Every structure is written in C-alpha cells, then in structure tokens.
>>> print(open('query_21.cif').read())   # mmCIF, C-alpha atoms and all ligand atoms
data_upload
#
loop_
_atom_site.label_atom_id
_atom_site.label_comp_id
_atom_site.auth_asym_id
_atom_site.auth_seq_id
_atom_site.Cartn_x
_atom_site.Cartn_y
_atom_site.Cartn_z
CA MET A 7 76.45 75.73 112.93
CA ASN A 8 77.74 79.34 113.00
CA THR A 9 80.96 79.90 111.10
CA ILE A 10 83.26 82.70 112.17
CA PHE A 11 84.48 84.74 109.22
CA LYS A 12 87.83 86.47 109.71
CA PRO A 13 88.91 88.78 106.87
CA HIS A 14 92.54 88.51 105.75
CA ASP A 15 94.58 91.48 106.98
CA GLU A 16 97.51 92.05 104.61
CA TRP A 17 99.12 94.50 107.07
CA GLU A 18 99.28 91.94 109.93
CA PRO A 19 102.98 91.56 110.87
CA TYR A 20 102.46 87.98 112.05
CA ILE A 21 102.21 86.93 108.38
CA ASP A 22 106.01 87.44 108.28
CA ILE A 23 106.53 85.07 111.21
CA ASP A 24 104.38 82.47 109.44
CA GLN A 25 106.24 82.97 106.14
CA HIS A 26 109.83 83.63 107.28
CA GLY A 27 109.91 82.40 110.87
CA LYS A 28 111.00 85.80 112.22
CA LEU A 29 110.26 89.52 112.20
CA THR A 30 110.85 90.73 108.65
CA LEU A 31 110.83 94.03 106.81
CA SER A 32 107.67 93.66 104.73
CA ASN A 33 106.03 97.08 105.00
CA ILE A 34 107.34 100.53 104.11
CA GLU A 35 105.40 103.66 104.93
CA PHE A 36 106.39 106.59 102.71
CA THR A 37 106.07 110.21 103.69
CA THR A 38 105.33 111.61 100.24
CA THR A 39 104.36 115.16 101.12
CA ASN A 40 104.78 117.70 103.87
CA LEU A 41 101.72 119.66 102.74
CA CYS A 42 98.14 119.45 104.00
CA ASN A 43 94.99 121.52 103.53
CA MET A 44 94.07 120.96 107.19
CA ARG A 45 95.78 121.27 110.59
CA CYS A 46 93.89 118.89 112.88
CA SER A 47 94.33 119.09 116.62
CA HIS A 48 94.93 115.30 116.72
CA CYS A 49 97.46 115.20 113.84
CA ALA A 50 100.33 112.83 114.58
CA VAL A 51 102.77 114.76 112.36
CA GLY A 52 101.39 118.26 112.90
CA TYR A 53 104.66 120.06 113.61
CA THR A 54 106.42 118.65 110.53
CA LEU A 55 103.90 120.14 108.06
CA LEU A 56 105.15 122.84 105.68
CA THR A 57 103.52 125.31 103.29
CA LYS A 58 105.96 124.73 100.38
CA GLU A 59 107.01 121.32 99.07
CA LEU A 60 110.70 120.34 99.15
CA PRO A 61 112.36 118.54 96.21
CA ALA A 62 111.97 114.76 96.49
CA ILE A 63 114.51 112.02 95.80
CA PRO A 64 113.80 110.80 92.21
CA ALA A 65 111.37 107.88 92.18
CA ASP A 66 113.75 105.59 90.23
CA GLU A 67 116.39 105.98 92.97
CA ILE A 68 113.83 105.01 95.61
CA ILE A 69 112.66 102.08 93.48
CA ARG A 70 116.25 100.77 93.22
CA LYS A 71 116.32 100.65 97.02
CA LEU A 72 112.95 98.88 97.15
CA ASP A 73 114.15 96.29 94.62
CA GLU A 74 116.60 95.10 97.30
CA VAL A 75 113.77 94.26 99.72
CA GLU A 76 112.51 90.93 98.41
CA THR A 77 110.16 90.47 101.35
CA LEU A 78 108.14 93.64 100.72
CA ARG A 79 104.39 92.88 100.90
CA THR A 80 102.74 96.21 101.66
CA MET A 81 103.41 99.90 101.07
CA SER A 82 101.57 102.80 102.74
CA PHE A 83 101.61 106.45 101.74
CA THR A 84 101.16 109.22 104.21
CA GLY A 85 101.90 112.91 104.64
CA GLY A 86 100.56 115.50 105.15
CA GLU A 87 97.86 114.85 102.63
CA PRO A 88 99.43 112.65 99.90
CA LEU A 89 96.70 113.53 97.37
CA LEU A 90 96.72 117.30 97.88
CA THR A 91 98.33 118.36 94.58
CA LYS A 92 98.09 116.66 91.20
CA LYS A 93 101.79 117.42 90.65
CA GLY A 94 102.66 115.59 93.87
CA ILE A 95 100.44 112.67 92.86
CA LYS A 96 102.06 112.39 89.42
CA ASP A 97 105.68 112.97 90.46
CA ASN A 98 105.88 111.31 93.86
CA LEU A 99 103.00 108.91 94.29
CA LEU A 100 102.10 107.29 90.97
CA PRO A 101 105.58 105.90 90.16
CA LEU A 102 105.65 104.12 93.54
CA LEU A 103 102.04 102.90 93.23
CA LYS A 104 102.71 101.51 89.75
CA TYR A 105 105.90 99.85 90.98
CA ALA A 106 103.98 98.21 93.84
CA LYS A 107 101.33 96.95 91.45
CA SER A 108 104.00 95.43 89.18
CA ARG A 109 105.37 93.44 92.16
CA GLY A 110 101.98 92.43 93.59
CA ILE A 111 102.61 94.57 96.68
CA LYS A 112 99.44 95.82 98.42
CA THR A 113 99.08 99.60 98.84
CA GLN A 114 97.33 102.02 101.15
CA ILE A 115 97.01 105.82 101.02
CA ASN A 116 96.16 107.81 104.15
CA SER A 117 93.95 110.68 102.97
CA ASN A 118 91.62 113.13 104.70
CA LEU A 119 89.22 112.57 101.76
CA THR A 120 88.22 116.24 101.51
CA LEU A 121 89.58 116.80 97.96
CA PRO A 122 87.88 116.83 94.54
CA MET A 123 87.08 113.38 93.15
CA SER A 124 89.51 113.90 90.25
CA HIS A 125 92.43 113.52 92.70
CA TYR A 126 91.20 110.09 93.83
CA GLU A 127 90.54 108.92 90.27
CA LEU A 128 94.24 109.32 89.45
CA VAL A 129 95.29 106.69 91.99
CA ALA A 130 92.23 104.41 92.01
CA PRO A 131 93.51 101.88 89.42
CA TYR A 132 96.64 101.14 91.50
CA LEU A 133 95.32 101.29 95.04
CA ASP A 134 94.15 98.55 97.44
CA VAL A 135 93.09 100.57 100.53
CA MET A 136 91.96 104.18 100.85
CA HIS A 137 92.52 104.87 104.53
CA ILE A 138 90.80 107.84 106.16
CA SER A 139 90.48 109.19 109.68
CA HIS A 140 87.05 109.78 111.12
CA ASN A 141 87.36 111.31 114.57
CA TRP A 142 84.66 113.94 114.19
CA CYS A 143 81.57 113.93 116.38
CA ASP A 144 79.87 116.45 114.03
CA GLU A 145 80.44 119.14 111.41
CA LYS A 146 80.88 121.85 114.05
CA GLU A 147 83.76 119.98 115.64
CA PHE A 148 85.41 119.43 112.25
CA VAL A 149 85.10 123.10 111.40
CA GLU A 150 86.62 124.08 114.75
CA THR A 151 89.32 121.48 115.39
CA GLY A 152 90.20 120.34 111.84
CA PHE A 153 91.96 123.67 111.35
CA ALA A 154 92.81 124.36 114.98
CA MET A 155 96.56 124.58 114.39
CA MET A 156 96.30 126.80 111.29
CA GLU A 157 97.44 130.43 111.54
CA LYS A 158 94.90 131.78 109.02
CA THR A 159 91.79 129.62 108.76
CA PRO A 160 89.52 129.45 105.67
CA SER A 161 85.85 130.51 106.00
CA VAL A 162 83.39 128.41 108.03
CA GLU A 163 81.42 127.70 104.85
CA TYR A 164 84.53 126.38 103.05
CA ARG A 165 85.42 124.20 106.03
CA GLY A 166 81.86 122.85 106.23
CA ASN A 167 82.01 121.90 102.55
CA LEU A 168 85.18 119.90 103.18
CA TYR A 169 83.39 117.96 105.93
CA ARG A 170 80.56 117.03 103.58
CA ASN A 171 83.14 116.08 100.92
CA ILE A 172 84.46 113.34 103.23
CA PHE A 173 81.05 111.67 103.35
CA ASP A 174 80.30 112.16 99.65
CA ASN A 175 83.75 110.98 98.51
CA ALA A 176 83.74 107.94 100.80
CA ARG A 177 80.32 106.91 99.53
CA GLU A 178 81.18 107.44 95.87
CA LEU A 179 84.53 105.65 96.09
CA SER A 180 82.96 102.75 97.99
CA LYS A 181 80.15 102.44 95.46
CA GLY A 182 82.80 102.44 92.72
CA GLY A 183 84.42 99.39 94.34
CA MET A 184 87.26 100.98 96.30
CA PHE A 185 88.11 99.52 99.71
CA VAL A 186 87.66 102.54 101.98
CA SER A 187 88.76 101.98 105.57
CA ALA A 188 88.00 104.58 108.25
CA GLU A 189 90.06 104.81 111.41
CA THR A 190 88.83 106.27 114.68
CA MET A 191 91.12 106.98 117.61
CA LEU A 192 89.72 106.42 121.06
CA ASN A 193 90.15 109.46 123.26
CA ARG A 194 88.11 111.61 125.63
CA ASN A 195 86.49 113.43 122.66
CA THR A 196 85.56 110.45 120.47
CA VAL A 197 84.43 107.88 123.05
CA PRO A 198 81.04 109.54 123.79
CA PHE A 199 80.31 109.60 120.04
CA MET A 200 81.59 106.18 119.02
CA GLU A 201 78.17 104.72 118.21
CA LYS A 202 77.31 107.69 115.98
CA ILE A 203 80.75 107.60 114.32
CA HIS A 204 80.49 103.85 113.67
CA HIS A 205 77.02 104.31 112.19
CA GLU A 206 78.34 107.01 109.84
CA VAL A 207 81.33 104.90 108.79
CA ALA A 208 79.17 101.86 108.07
CA ASN A 209 75.89 103.28 106.81
CA GLU A 210 76.63 106.76 105.46
CA MET A 211 80.19 106.50 104.15
CA LEU A 212 79.66 102.83 103.18
CA CYS A 213 83.20 101.98 104.27
CA LYS A 214 84.27 98.34 104.11
CA ARG A 215 86.21 98.54 107.35
CA HIS A 216 86.24 100.51 110.61
CA GLU A 217 89.60 100.56 112.39
CA ILE A 218 89.67 101.35 116.10
CA HIS A 219 93.00 102.46 117.56
CA PRO A 220 94.12 104.13 120.76
CA MET A 221 95.07 107.78 120.57
CA TYR A 222 98.74 108.44 121.09
CA ALA A 223 99.67 111.52 123.05
CA SER A 224 102.13 112.77 120.43
CA ASP A 225 102.76 115.97 118.50
CA PHE A 226 99.53 118.03 118.04
CA ALA A 227 97.60 115.31 119.87
CA GLU A 228 99.53 116.06 123.04
CA SER A 229 96.68 118.23 124.32
CA LEU A 230 93.96 115.57 123.82
CA GLU A 231 93.08 113.34 126.73
CA THR A 232 93.74 109.61 126.51
CA ILE A 233 91.42 107.11 128.20
CA GLY A 234 92.27 104.55 130.88
CA LEU A 235 92.21 100.77 130.45
CA ASP A 236 88.82 100.32 132.17
CA GLU A 237 87.17 102.80 129.85
CA TYR A 238 88.99 101.29 126.87
CA ARG A 239 87.69 97.81 127.70
CA LYS A 240 84.16 99.17 128.19
CA VAL A 241 84.04 101.02 124.86
CA ILE A 242 85.37 98.01 122.90
CA ASN A 243 82.65 95.84 124.46
CA GLU A 244 80.05 98.44 123.53
CA ILE A 245 81.31 98.59 119.93
CA LEU A 246 80.99 94.80 119.75
CA ASP A 247 77.38 95.15 120.97
CA TYR A 248 76.17 97.75 118.46
CA ARG A 249 78.49 97.28 115.49
CA ASN A 250 77.12 96.76 112.00
CA LYS A 251 78.12 93.14 111.40
CA ASP A 252 78.35 93.70 107.65
CA ILE A 253 81.54 95.73 107.94
CA TRP A 254 84.90 94.55 109.16
CA VAL A 255 85.93 96.00 112.52
CA LEU A 256 89.70 95.97 113.05
CA PHE A 257 91.15 96.66 116.48
CA GLY A 258 94.69 97.95 116.07
CA THR A 259 97.30 98.43 118.79
CA MET A 260 94.94 97.02 121.42
CA PRO A 261 96.37 97.51 124.91
CA PHE A 262 95.20 94.05 126.06
CA TYR A 263 97.31 90.90 125.82
CA PRO A 264 96.79 87.17 126.33
CA CYS A 265 99.30 87.20 129.22
CA SER A 266 97.11 89.61 131.21
CA ARG A 267 96.11 88.49 134.71
CA ASP A 268 92.89 90.46 134.45
CA GLU A 269 89.98 88.16 133.57
CA ARG A 270 88.17 91.06 131.91
CA ASP A 271 91.02 91.48 129.39
CA LEU A 272 90.99 87.77 128.59
CA ALA A 273 87.20 87.79 128.19
CA LEU A 274 87.42 90.71 125.78
CA ILE A 275 90.13 89.04 123.67
CA LYS A 276 88.03 85.87 123.58
CA ARG A 277 84.96 87.84 122.57
CA ILE A 278 86.81 89.47 119.64
CA ASN A 279 88.32 86.13 118.59
CA ASN A 280 84.86 84.55 118.54
CA ALA A 281 83.18 87.38 116.63
CA SER A 282 82.76 87.27 112.87
CA ASN A 283 84.17 90.09 110.75
CA THR A 284 86.40 91.41 113.56
CA THR A 285 90.17 91.18 113.81
CA MET A 286 92.99 92.38 116.06
CA ARG A 287 96.21 93.53 114.43
CA ASN A 288 99.62 93.23 116.06
CA ASP A 289 101.39 96.57 116.00
CA VAL A 290 103.33 97.08 112.77
CA ASP A 291 105.76 99.84 113.76
CA GLY A 292 109.18 98.42 114.38
CA ARG A 293 107.94 94.89 113.69
CA SER A 294 107.30 94.79 109.95
CA ARG A 295 107.39 98.50 109.14
CA MET A 296 109.78 101.41 108.82
CA ASN A 297 109.02 104.89 107.45
CA LEU A 298 110.91 106.39 104.50
CA ASN A 299 110.80 110.13 103.98
CA ILE A 300 111.10 110.63 100.20
CA PHE A 301 112.50 114.16 100.61
CA SER A 302 115.39 113.50 102.97
CA GLY A 303 115.81 109.73 102.53
CA ASP A 304 115.58 109.41 106.31
CA ILE A 305 114.34 106.14 107.76
CA SER A 306 112.49 106.19 111.03
CA VAL A 307 110.41 103.81 113.07
CA THR A 308 107.29 105.90 113.58
CA ASP A 309 106.57 105.29 117.23
CA PHE A 310 110.18 105.71 118.21
CA SER A 311 111.03 108.98 116.51
CA ASP A 312 109.43 111.50 118.84
CA ASP A 313 112.81 113.18 119.19
CA GLY A 314 112.85 113.70 115.40
CA GLN A 315 115.94 111.51 115.03
CA ALA A 316 116.14 109.30 111.95
CA PHE A 317 117.40 105.76 112.41
CA GLY A 318 119.29 105.80 109.12
CA ASN A 319 119.23 107.16 105.59
CA ILE A 320 118.82 105.31 102.29
CA LYS A 321 121.56 107.45 100.73
CA ASN A 322 124.13 105.63 102.90
CA GLU A 323 122.67 102.20 103.61
CA SER A 324 120.23 99.64 102.23
CA LEU A 325 116.79 99.35 103.79
CA THR A 326 117.54 95.84 104.99
CA GLN A 327 120.78 96.97 106.69
CA ILE A 328 118.91 99.72 108.52
CA TYR A 329 116.16 97.28 109.52
CA LYS A 330 118.68 94.79 110.88
CA ARG A 331 120.39 97.54 112.87
CA TRP A 332 116.98 98.53 114.22
CA LEU A 333 116.13 94.98 115.34
CA ASP A 334 119.54 94.74 117.06
CA SER A 335 119.00 98.00 118.96
CA ASN A 336 118.30 97.97 122.68
CA ILE A 337 115.03 99.85 122.31
CA SER A 338 113.71 97.33 119.79
CA LYS A 339 114.78 94.39 121.95
CA SER A 340 113.18 95.99 125.01
CA ILE A 341 109.66 95.77 123.56
CA ASN A 342 109.78 92.84 121.13
CA CYS A 343 108.19 89.99 123.03
CA HIS A 344 106.57 87.10 121.19
CA CYS A 345 104.20 84.30 122.16
CA PRO A 346 103.76 81.93 119.18
CA ALA A 347 100.95 80.03 120.95
CA VAL A 348 98.67 83.07 120.62
CA LYS A 349 100.43 84.81 117.70
CA CYS A 350 101.05 87.88 119.86
CA LEU A 351 103.94 90.27 119.18
CA GLY A 352 103.57 92.34 122.31
CA ALA A 353 102.95 95.98 123.14
CA ASN A 354 104.17 98.94 121.16
CA VAL A 355 106.43 101.36 122.98
CA ILE A 356 103.89 104.18 123.35
CA VAL A 357 101.19 101.85 124.65
CA LYS A 358 103.66 100.25 127.03
CA ASN A 359 104.78 103.63 128.37
CA MET A 360 101.19 104.86 128.60
CA TYR A 361 99.51 101.83 130.20
CA TYR A 362 102.17 99.39 131.40
CA PRO A 363 105.27 101.35 132.46
CA GLU A 364 106.17 98.84 135.22
CA THR A 365 105.16 95.60 133.48
CA GLU A 366 107.76 93.19 132.18
CA PHE A 367 106.43 91.26 129.22
CA VAL A 368 108.19 87.91 128.85
CA SER A 369 108.32 86.07 125.53
CA GLY A 370 106.77 82.64 125.64
CA SER A 371 104.66 83.33 128.76
CA ILE A 372 101.67 81.81 126.99
CA LYS A 373 102.24 78.16 126.21
S1 LIG B 1 103.88 88.36 123.31
FE1 LIG B 1 104.25 89.69 125.05
S2 LIG B 1 102.32 90.80 125.33
FE2 LIG B 1 101.85 89.05 124.01
S3 LIG B 1 101.12 87.42 125.37
FE3 LIG B 1 103.36 87.15 125.13
S4 LIG B 1 104.33 88.28 126.81
FE4 LIG B 1 102.19 88.99 126.63
#
>>> encode(input="query_21.cif", output="structure tokens", more="lines below")
Ligand code: SF4
Amino acid sequence: MNTIFKPHDEWEPYIDIDQHGKLTLSNIEFTTTNLCNMRCSHCAVGYTLLTKELPAIPADEIIRKLDEVETLRTMSFTGGEPLLTKKGIKDNLLPLLKYAKSRGIKTQINSNLTLPMSHYELVAPYLDVMHISHNWCDEKEFVETGFAMMEKTPSVEYRGNLYRNIFDNARELSKGGMFVSAETMLNRNTVPFMEKIHHEVANEMLCKRHEIHPMYASDFAESLETIGLDEYRKVINEILDYRNKDIWVLFGTMPFYPCSRDERDLALIKRINNASNTTMRNDVDGRSRMNLNIFSGDISVTDFSDDGQAFGNIKNESLTQIYKRWLDSNISKSINCHCPAVKCLGANVIVKNMYYPETEFVSGSIK
C-alpha cells in the first residue's frame, strides 16, 4: 500500500485554528534592513530600498513587545538583504534569532544567497529555514534583470560571480544540514523555464524544498506579466508530472479553492492532496502574520500596504492590540472566509483582485 507523506509546514496558518480555534497572531515578519546588493526587476519591496541604513529600535525593546505575544510560533526576517552586512547581522538579526531559539520559535531568513559564506555561518546555529528566490532562467537573465533597477550597475563579471555564488552557497549550506528552501514565482518569464528551474533547485542547489507562488503585480514587479488561471493550472500539473519526488514541493497562495465550480480546479487540488511530499499553504498575510519594521516600529499587513500606510506602531500599542484591530477592520473581514471541512482560509486580497474580482466567497460553503 502506498503511503502519502506530507511534511509538516510550521508556517501554515491553519495550525492556529487547530490550536486556538481562531485566527491568531503566530507569525511576525521583520524588516531588518533597507539595504540590498541587488535591485531585481521582480522585487516586492524595490522602491523602499535605501543606500544607507537607518538607526534601528534597540533589540531589547522589540523583544519586550514580542514577550507579550504568547502565541508566537514563527518569525521571518526580510529586507532588503538581511545578511548583507556583518554589523546588521550582529546588531539587528542575531539578538532576535537567539530570542526565538530560546522560546522554541521557528525562524526563516529571506536571502538572495549571493554573499560570502562567512555571513551565513553567523546565523546558521539559530536558523530553521534559509529561504531564497530562484526566478532566473539563466545567468544572462540574472546579470541583466537582477540589477535592472540599479542606477550604477557593477561589472558583468562581478554580477556573474554572484549568480554562481547562489548555486555554490545553496549546495554547501544544504550539505552542511541547513534547510534551504527556494521559491519561484510563476509569471510570463519563469513559466517557460520551470522544469529547468526545478531541476536546478532539486539537483544542483540540493534544496530541501521548492516553493511555488504566484507573482504579485506590486512595486518593481509591476512591469512583469502575470499568468491567467488556465495557464496556472497547466503549469502546476506539469510540475507535478516532472518534479523530483525527493524534495518537498510547497504550493503557496494557490488561486484555486475547494468551493470552485470548475472541475479542473477540484481535480488539481485532489491531485496535490494525493501526492507525497507536496503541500498547499493557506496564505499567511493577515491571517497569522503581520510585518514589523525594526527601524520605524511600523506594523503592516504585507499584502494590504501597497499605499505605504502602516496599520499601527509598536511604540504606541501592543502587537496583539494591533492584530485585533486588524481582524476587526472591514478589509480583513472582506477576505477572511473559512471552510473548516477542507481547512481552507480563502483567497488573499491580491489574488482575489487579480483573479476573482467579482466572486463572493462564502464561509462554510464546503460542508
Ligand atoms: S474558505 Fe473561502 S475560498 Fe476556501 S473553500 Fe471556503 S469559501 Fe471557498
């Protein structure tokens, strides 16, 4: 008899429903730098990047705020490139990583993985997931688009070396036992190269997980073309055909739901559910996660802050107060549907606006 192995996803927001019976603040994403050595055309925070770091709120003040969140399970660190400077790693990142470790909270760093190995060694003892983006069809594309939004670009040779660093670092960190997870966004550029990209993630970088997400048309990525639902369904089916079954494939923010009336959507969901080493993650933003900017103290809900407006600030309120206010807001209520029978928490706001602007999702539609 075949057994279906499903890896445990610590970032799955439905764990909170199982544990607490309701949406719960269990995940904080920290913006720990505004610096980056690249300027990718698909960068979700491109226009917020700076060339000089601002002073951060002292780590012990942030930790006092985190102490109040008893339900915290996961912490993610993003930027910019959180591992760019050793000073930033020591001052801003390590105190929070060590704090997480002391509470048994799982951690993830989003890095472009182009830096010297000594940067990664500083955080390795405290880290659960090294998360990287792999959206490059080849070195030429990396060299051209990885710095597309930079005013003065480094030499082609230097940029090529950074590309090769990604592969070398991923392989070395994986061999050393680190859980390296590569994410690829589906868009007009990546879809034709998905099989090659998956092969590189699994067999050359030796990653433990390949995450597949839709591309959001936001910030720098505004100019990249999204794909339609038919093409989305087709490429997911193809990935399931050729995937390396030894690595975990995680489909995040999938734009297909159990309440769909399209048989092809239901067949795809069933296929993923019945496949070993594959999972689908409910969207975390606004469900279990808020973002904390360690420079300003601003709290935002990533997918809802396109206008740059913060939802609150930790200098004036506790994290749990801000989260409660968020859940009570009209925008949160407008997208938070829930079907316990299939453990579905509904569409995220960008996916809903992109693919289902006229659809009304009704909680409990699946019995
Ligand atoms: S939770 Fe929302 S999206 Fe998911 S099956 Fe129910 S109504 Fe559909």
>>> residues_around(input="query_21.cif", residues="Thr77 (chain A)", least_positions_apart="2", cutoff="9 Å", atoms="only C-alpha atoms", output="PDB file with C-alpha atoms, in the frame of the given file")
ATOM      1  CA  ASP A  22     106.010  87.440 108.280  1.00  0.00           C
ATOM      2  CA  THR A  30     110.850  90.730 108.650  1.00  0.00           C
ATOM      3  CA  LEU A  31     110.830  94.030 106.810  1.00  0.00           C
ATOM      4  CA  SER A  32     107.670  93.660 104.730  1.00  0.00           C
ATOM      5  CA  ASN A  33     106.030  97.080 105.000  1.00  0.00           C
ATOM      6  CA  GLU A  74     116.600  95.100  97.300  1.00  0.00           C
ATOM      7  CA  VAL A  75     113.770  94.260  99.720  1.00  0.00           C
ATOM      8  CA  ARG A  79     104.390  92.880 100.900  1.00  0.00           C
TER       9      ARG A  79
END
>>> residues_around(input="query_21.cif", residues="Met155 (chain A)", least_positions_apart="2", cutoff="7 Å", atoms="all atoms listed in the file", output="ChimeraX atom specification")
/A:45-47,153,157
>>> write_last_selection(input="query_21.cif", atoms="C-alpha atoms", output="PDB file, in the coordinates of the input")
ATOM      1  CA  ARG A  45      95.780 121.270 110.590  1.00  0.00           C
ATOM      2  CA  CYS A  46      93.890 118.890 112.880  1.00  0.00           C
ATOM      3  CA  SER A  47      94.330 119.090 116.620  1.00  0.00           C
ATOM      4  CA  PHE A 153      91.960 123.670 111.350  1.00  0.00           C
ATOM      5  CA  GLU A 157      97.440 130.430 111.540  1.00  0.00           C
TER       6      GLU A 157
END
>>> atom_distance(input="query_21.cif", atom1="CA of Met136 (chain A)", atom2="CA of Val186 (chain A)")
4.7 Å
>>> atom_distance(input="query_21.cif", atom1="CA of Pro198 (chain A)", atom2="CA of Ala353 (chain A)")
25.8 Å
>>> residues_near_ligand(input="query_21.cif", ligand="ligand LIG 1 (chain B)", cutoff="7 Å", atoms="all atoms listed in the file", output="number ranges by chain")
A: 263-266, 343-345, 348, 350-353, 367-372
>>> closest_residue(input="query_21.cif", among="A:Thr80, A:Ile253, A:Lys92, A:Met123", to="Lys107 (chain A)", atoms="all atoms listed in the file")
A:Thr80
>>> closest_residue(input="query_21.cif", among="A:Asp334, A:Glu18, A:Glu127, A:Glu231", to="Gly182 (chain A)", atoms="all atoms listed in the file")
A:Glu127
>>> atom_distance(input="query_21.cif", atom1="CA of Arg170 (chain A)", atom2="CA of Phe199 (chain A)")
18.1 Å
>>> closest_atom_pairs(input="query_21.cif", of="region 63-115 of chain A", to="region 297-303 of chain A", cutoff="9 Å", atoms="only C-alpha atoms", output="tab-separated table")
residue	atom	partner	partner_atom	distance
A:Ile63	CA	A:Phe301	CA	5.6
A:Pro64	CA	A:Ile300	CA	8.4
A:Ala65	CA	A:Ile300	CA	8.5
A:Ile68	CA	A:Ile300	CA	7.8
A:Asn98	CA	A:Ile300	CA	8.2
>>> residues_around(input="query_21.cif", residues="region 340-342 of chain A", least_positions_apart="2", cutoff="12 Å", atoms="all atoms listed in the file", output="ChimeraX atom specification")
/A:28-29,288-294,309-310,332-338,344-345,350-359,362-363,365-370
>>> write_last_selection(input="query_21.cif", atoms="C-alpha atoms", output="compact mmCIF listing (two decimals), in the coordinates of the input")
# COMPACT_ATOMS: atom_id res chain seq x y z
CA LYS A 28 111.00 85.80 112.22
CA LEU A 29 110.26 89.52 112.20
CA ASN A 288 99.62 93.23 116.06
CA ASP A 289 101.39 96.57 116.00
CA VAL A 290 103.33 97.08 112.77
CA ASP A 291 105.76 99.84 113.76
CA GLY A 292 109.18 98.42 114.38
CA ARG A 293 107.94 94.89 113.69
CA SER A 294 107.30 94.79 109.95
CA ASP A 309 106.57 105.29 117.23
CA PHE A 310 110.18 105.71 118.21
CA TRP A 332 116.98 98.53 114.22
CA LEU A 333 116.13 94.98 115.34
CA ASP A 334 119.54 94.74 117.06
CA SER A 335 119.00 98.00 118.96
CA ASN A 336 118.30 97.97 122.68
CA ILE A 337 115.03 99.85 122.31
CA SER A 338 113.71 97.33 119.79
CA HIS A 344 106.57 87.10 121.19
CA CYS A 345 104.20 84.30 122.16
CA CYS A 350 101.05 87.88 119.86
CA LEU A 351 103.94 90.27 119.18
CA GLY A 352 103.57 92.34 122.31
CA ALA A 353 102.95 95.98 123.14
CA ASN A 354 104.17 98.94 121.16
CA VAL A 355 106.43 101.36 122.98
CA ILE A 356 103.89 104.18 123.35
CA VAL A 357 101.19 101.85 124.65
CA LYS A 358 103.66 100.25 127.03
CA ASN A 359 104.78 103.63 128.37
CA TYR A 362 102.17 99.39 131.40
CA PRO A 363 105.27 101.35 132.46
CA THR A 365 105.16 95.60 133.48
CA GLU A 366 107.76 93.19 132.18
CA PHE A 367 106.43 91.26 129.22
CA VAL A 368 108.19 87.91 128.85
CA SER A 369 108.32 86.07 125.53
CA GLY A 370 106.77 82.64 125.64
>>> closest_residue(input="query_21.cif", among="A:Asn209, A:Thr37, A:Ser324, A:Arg239", to="Thr308 (chain A)", atoms="all atoms listed in the file")
A:Thr37
>>> residues_around(input="query_21.cif", residues="Ala281 (chain A)", least_positions_apart="6", cutoff="9 Å", atoms="all atoms listed in the file", output="PyMOL selection string")
chain A and resi 10-12+246
